[in-house]
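Structure record follows, encoded as structure tokens.
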Amino acid sequence: MTTASDKDRVLIFDTTLRDGEQSPGATMTHNEKLEIAGLLDDMGVDIIEAGFPIASEGDFHAVSEIATNSKNSVICGLARANFADIDRCWEAVKHAAKPRIHTFIGTSPLHRAIPNLTMDEMAQKIHETVSHARNLCDDIQWSPMDATRTEWDYLCRVVEIAIKAGATTINVPDTVGYTAPEESASLIRRLIETVPGADEVIFATHCHNDLGMATANALAAVAGGARQIECTINGLGERAGNTALEEVVMALKVRHDIMPWTTGVDSSKIMHISRRVATVSGFPVQFNKAIVGKNAFAHESGIHQDGMLKNKETFEIMRPEDVGLTGSSLPLGKHSGRAALRDKLKQLGHEVGDNQLRDIFIRFKELADRKKEVYDDDIVALVGATSDAGEDKLQIVSLKVLCGTGGPAEATLEMEIDGKEMIATEHGDGPVDASFKAVRALYPNKAHLQLYQVSAVTEGTDAQATVTVRLEEDGMIVTGQSADTDTVVASARAYVNALNRLAVRRQKTGPGADTREISYKDMH
Ligand code: KIV
Ligand code: ZN
């Protein structure tokens with residue numbers, strides 16, 4: 001069980017792998033989830049919400065493996081207010097040195113209407129389910145979903161029931177991002193003052209960012225007495241996302257003078273995990289995002305540069321090193337060998353297997369032939385564009401495109417599908433459209449394109465483009481990524497990467513499969 005031993009210590013509860021992954025299209029593979037959980041554990045996150053075990057076989061296996069591999073963090077799983085969910089959750093988290101069950105039910109009038117329970121019936125259900133969970137596990141978190149729109153008297157009543165039934169953490173979710181800082185602080189403060197037994201549990205704050213106030217609301221809740229912040233890396237999450245871990249951790253660090261609370265997170269690991277989450281979720285970080293955006297430490301205007309040269313503190317309230325942004329080290333070039341590349345990957349925090357190193361090296365050499373200098377961001381993009389998943393079903397052998405003014409573009413694509421080489425020529429409205437049509441001519445599929453996004457990795461016209469493609473097929477959503485100095489090649493590779501992921505999803509029935517039976521929409 002986790003307790004904040006000193007009164008100013010704030011526990012960090014990361015839900016990137018549960019509330020973050022719940023965001024449509026952010027689905028991660030089994031290995032990606034294990035990797036992110038390992039990084040969260042290493043950076044000092046107190047509690048990792050690893051998934052929703054009853055949602056699918058894939059979720060169950062991911063949570064149990066994360067639990068088995070855990071080192072210092074508490075491993076938590078989510079369960080609705082019923083015995084089957086709670087038992088399944090316990091089966092998955094019990095392998096952890098420090099397991100936690102997080103059970104919840106929607107308590108606001110709108111949420112109570114869905115299971116059609118009276119206030120009394122719901123109160124009874126809370127008593128029974130929390131007691132049941134506590135009989136399995138000593139560390140129980142309970143959440144009244146949509147707490148910020150729940151009637152005050154009823155909220156106090158159900159929180160008291162949950163505490164009496166054995167909950168050790170009471171989480172107060174602002175499920176729809178509706179609250180504001182003062183209200184957030186006062187809600188927690190009044191709950192602690194009013195509910196009998198409140199002093200024996202930890203109060204947690206769980207904010208969504210629909211009005212852009214998630215970080216402010218979470219910090220205000222801490223001022224009101226909460227000692228656990230629920231958050232995600234890059235603020236990943238449904239709709240406008242959740243409170244961003246990097247924002248609350250750095251706000252508490254930089255403004256310790258007015259917010260005298262501490263976390264156990266090693267902030268120098270923020271940048272690396274932010275990039276990995278952006279890559280594996282397929283949700284790029286907006287350029288001007290606080291702390292982890294590409295421009296967060298860039299000072300381009302003349303006045304700013306002048307000030308920065310005289311004294312860095314003129315415009316910088318924290319140092320780039322504090323979040324793990326090292327001054328850009330020497331770029332690699334076409335004469336750099338495999339050892340130098342492995343070394344660079346290590347410096348950048350990427351431990352890759354032999355297969356992936358081989359793939360990255362091939363792509364690095366191709367890139368170095370075209371680009372004089374290969375920067376750290378280029379290498380990070382190559383890591384994202386390759387994977388350790390082994391042999392892919394579809395592989396691009398070559399792509400030639402004819403395009404320009406005054407006519408449809410033509411793409412000739414050679415692909416290996418299950419080891420068999422095939423070729424097709426297709427026309428389209430521009431080179432990307434023609435290339436995607438050529439992929440579909442060789443590999444007919446009914447996947448629907450949900451997102452096509454291009455961003456430049458570094459500056460200059462010879463920069464690599466990172467392309468993200470999100471596909472949907474029969475409710476399954478996958479994201480593919482690739483990077484290349486040729487935007488059309490990167491696009492075709494990202495599309496093929498997404499199709500490979502879809503093929504794996506369709507086939508797998510064992511660990512890692514996403515045979516999701518319960519959708520996150522079905523939260524009651
Ligand atoms: O936002 C929310 O209410 C949740 C609960 C499941 C805690 O994510
Ligand atoms: Zn949430």
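Identifiers in this document derive from the order of the structure tokens: chains are assigned A, B, ..., residues are numbered from 1 separately in each chain, and ligands are numbered from 1 in order of occurrence.
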
With the cut-off set at 6 Å and counting only C-alpha atoms and all ligand atoms, tabulate each residue of chain A with an atom at most that distance from an atom of ligand 1, showing the nearest atom pair and its distance in Å to one decimal, ordered by chain and increasing number, as JSON lines.
{"residue": "A:Asp19", "atom": "CA", "partner": "ligand 1", "partner_atom_place_in_ligand_line": "8 (O)", "distance": 5.7}
{"residue": "A:Ser143", "atom": "CA", "partner": "ligand 1", "partner_atom_place_in_ligand_line": "7 (C)", "distance": 5.6}
{"residue": "A:Met145", "atom": "CA", "partner": "ligand 1", "partner_atom_place_in_ligand_line": "3 (O)", "distance": 4.3}
{"residue": "A:Asp146", "atom": "CA", "partner": "ligand 1", "partner_atom_place_in_ligand_line": "3 (O)", "distance": 5.6}
{"residue": "A:Pro173", "atom": "CA", "partner": "ligand 1", "partner_atom_place_in_ligand_line": "3 (O)", "distance": 4.7}
{"residue": "A:Thr175", "atom": "CA", "partner": "ligand 1", "partner_atom_place_in_ligand_line": "1 (O)", "distance": 3.7}

Go ahead and write the selection's residues with C-alpha atoms as a compact mmCIF listing (two decimals), in the first residue's frame.
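Once everything was written out, this is result_31.txt:
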# COMPACT_ATOMS: atom_id res chain seq x y z
CA ASP A 19 -7.02 6.70 -19.52
CA SER A 143 -13.65 6.83 -7.63
CA MET A 145 -16.96 9.14 -11.57
CA ASP A 146 -18.17 12.64 -12.50
CA PRO A 173 -12.62 12.73 -10.88
CA THR A 175 -14.54 13.37 -15.68

Taking 2 positions as the minimum chain separation for residues in the same chain, which residues sit within 9 Å of range 151-163 of chain A when counting only C-alpha atoms? Answer as a PyMOL selection string. chain A and resi 107-109+119+122-124+126-127+130-131+142-144+147-149+165-170+187+191+194-198+200-201

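Shortest atom-to-atom contact with ligand 2 among A:Met28, A:Leu17, A:Ala447, A:Leu367: A:Leu17, counting only C-alpha atoms and all ligand atoms.
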
Counting only C-alpha atoms and all ligand atoms, name the residues that have an atom within 8 Å of an atom of ligand 2; the answer should be given as a tab-separated table (two decimals) with N, CA and C atoms, in the first residue's frame.
chain	number	residue	atom	x	y	z
A	19	ASP	N	-6.18	5.60	-19.03
A	19	ASP	CA	-7.02	6.70	-19.52
A	19	ASP	C	-6.41	7.26	-20.81
A	173	PRO	N	-12.80	12.40	-9.47
A	173	PRO	CA	-12.62	12.73	-10.88
A	173	PRO	C	-13.47	13.89	-11.38
A	174	ASP	N	-12.81	14.72	-12.17
A	174	ASP	CA	-13.52	15.76	-12.92
A	174	ASP	C	-13.60	15.19	-14.34
A	175	THR	N	-14.48	14.23	-14.49
A	175	THR	CA	-14.54	13.37	-15.68
A	175	THR	C	-14.70	14.15	-16.99
A	206	HIS	N	-8.26	13.85	-10.26
A	206	HIS	CA	-8.19	13.26	-11.61
A	206	HIS	C	-8.91	14.23	-12.54
A	207	CYS	N	-8.14	15.02	-13.28
A	207	CYS	CA	-8.78	16.09	-14.06
A	207	CYS	C	-8.66	15.86	-15.57
A	208	HIS	N	-9.70	16.27	-16.27
A	208	HIS	CA	-9.67	16.25	-17.73
A	208	HIS	C	-9.57	17.70	-18.22
A	237	GLY	N	-5.04	11.50	-23.64
A	237	GLY	CA	-6.32	11.08	-23.08
A	237	GLY	C	-7.45	11.46	-24.00
A	238	GLU	N	-8.61	10.89	-23.71
A	238	GLU	CA	-9.79	11.15	-24.55
A	238	GLU	C	-10.09	12.63	-24.66
A	242	ASN	N	-5.92	14.42	-20.40
A	242	ASN	CA	-5.86	14.46	-18.92
A	242	ASN	C	-4.83	15.50	-18.48

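The list of residues with at least one atom within 10 Å of Thr215 in chain A, based on only C-alpha atoms and without residues fewer than 3 positions apart in the same chain, reads A:Pro181, A:His206, A:Cys207, A:His208, A:Asn209, A:Gly212, A:Ala218, A:Leu219, A:Ala220, A:Ala221, A:Ile229, A:Cys231, A:Gly235, A:Asn242, A:Thr243, A:Ala244, A:Leu245, A:Glu246, A:Glu247, A:Val248, A:Ala251.
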
Quick check for you: according to DSSP on this backbone, which residues of range 345-424 of chain A are classed as helix (DSSP H, G or I)? Reply as a VMD selection string. chain A and resid 345 to 347 354 to 370 376 to 385

Show me, as a PyMOL selection string, the residues that have an atom within 12 Å of Ala67 in chain A when counting only C-alpha atoms, minus same-chain residues fewer than 5 positions from it. chain A and resi 33-34+37-38+41+47-51+53+60-62+72-77+89-100

Could those residues be written to a file, using C-alpha atoms, as a tab-separated table (two decimals), in the first residue's frame?
chain	number	residue	atom	x	y	z
A	33	LYS	CA	2.91	-0.93	-23.00
A	34	LEU	CA	5.64	-2.90	-21.22
A	37	ALA	CA	5.53	0.99	-17.86
A	38	GLY	CA	9.27	0.30	-17.42
A	41	ASP	CA	8.75	2.89	-13.00
A	47	ILE	CA	1.47	4.38	-9.06
A	48	ILE	CA	1.04	3.11	-12.63
A	49	GLU	CA	-2.51	2.44	-13.81
A	50	ALA	CA	-1.59	-0.27	-16.28
A	51	GLY	CA	-4.97	-0.97	-17.89
A	53	PRO	CA	-8.02	-6.01	-17.21
A	60	PHE	CA	-5.35	-8.49	-19.02
A	61	HIS	CA	-2.02	-9.90	-20.21
A	62	ALA	CA	-0.43	-6.45	-20.42
A	72	ASN	CA	9.18	0.22	-7.26
A	73	SER	CA	5.84	1.48	-8.52
A	74	VAL	CA	2.45	0.32	-7.29
A	75	ILE	CA	0.66	-1.40	-10.20
A	76	CYS	CA	-3.01	-0.60	-10.43
A	77	GLY	CA	-5.80	-1.98	-12.62
A	89	CYS	CA	-8.44	-6.98	-12.04
A	90	TRP	CA	-7.03	-8.72	-8.97
A	91	GLU	CA	-5.94	-11.73	-11.10
A	92	ALA	CA	-3.88	-9.32	-13.21
A	93	VAL	CA	-2.36	-7.03	-10.56
A	94	LYS	CA	-1.69	-9.63	-7.87
A	95	HIS	CA	1.68	-10.42	-9.47
A	96	ALA	CA	3.00	-6.98	-8.50
A	97	ALA	CA	5.06	-6.41	-5.37
A	98	LYS	CA	2.65	-3.55	-4.67
A	99	PRO	CA	-0.78	-4.21	-6.26
A	100	ARG	CA	-3.78	-1.87	-6.26

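With only C-alpha atoms taken into account, the protein and nucleic acid residues at most 9 Å from Gly333 in chain A (excluding it and anything under 5 positions from it in its own chain) are Lys365, Ala368, Asp369, Lys371, Lys372, Glu373, Val374 and Tyr375 of chain A.
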
CA of Lys334 in chain A sits from CA of Asp378 in chain A at a separation of 13.4 Å
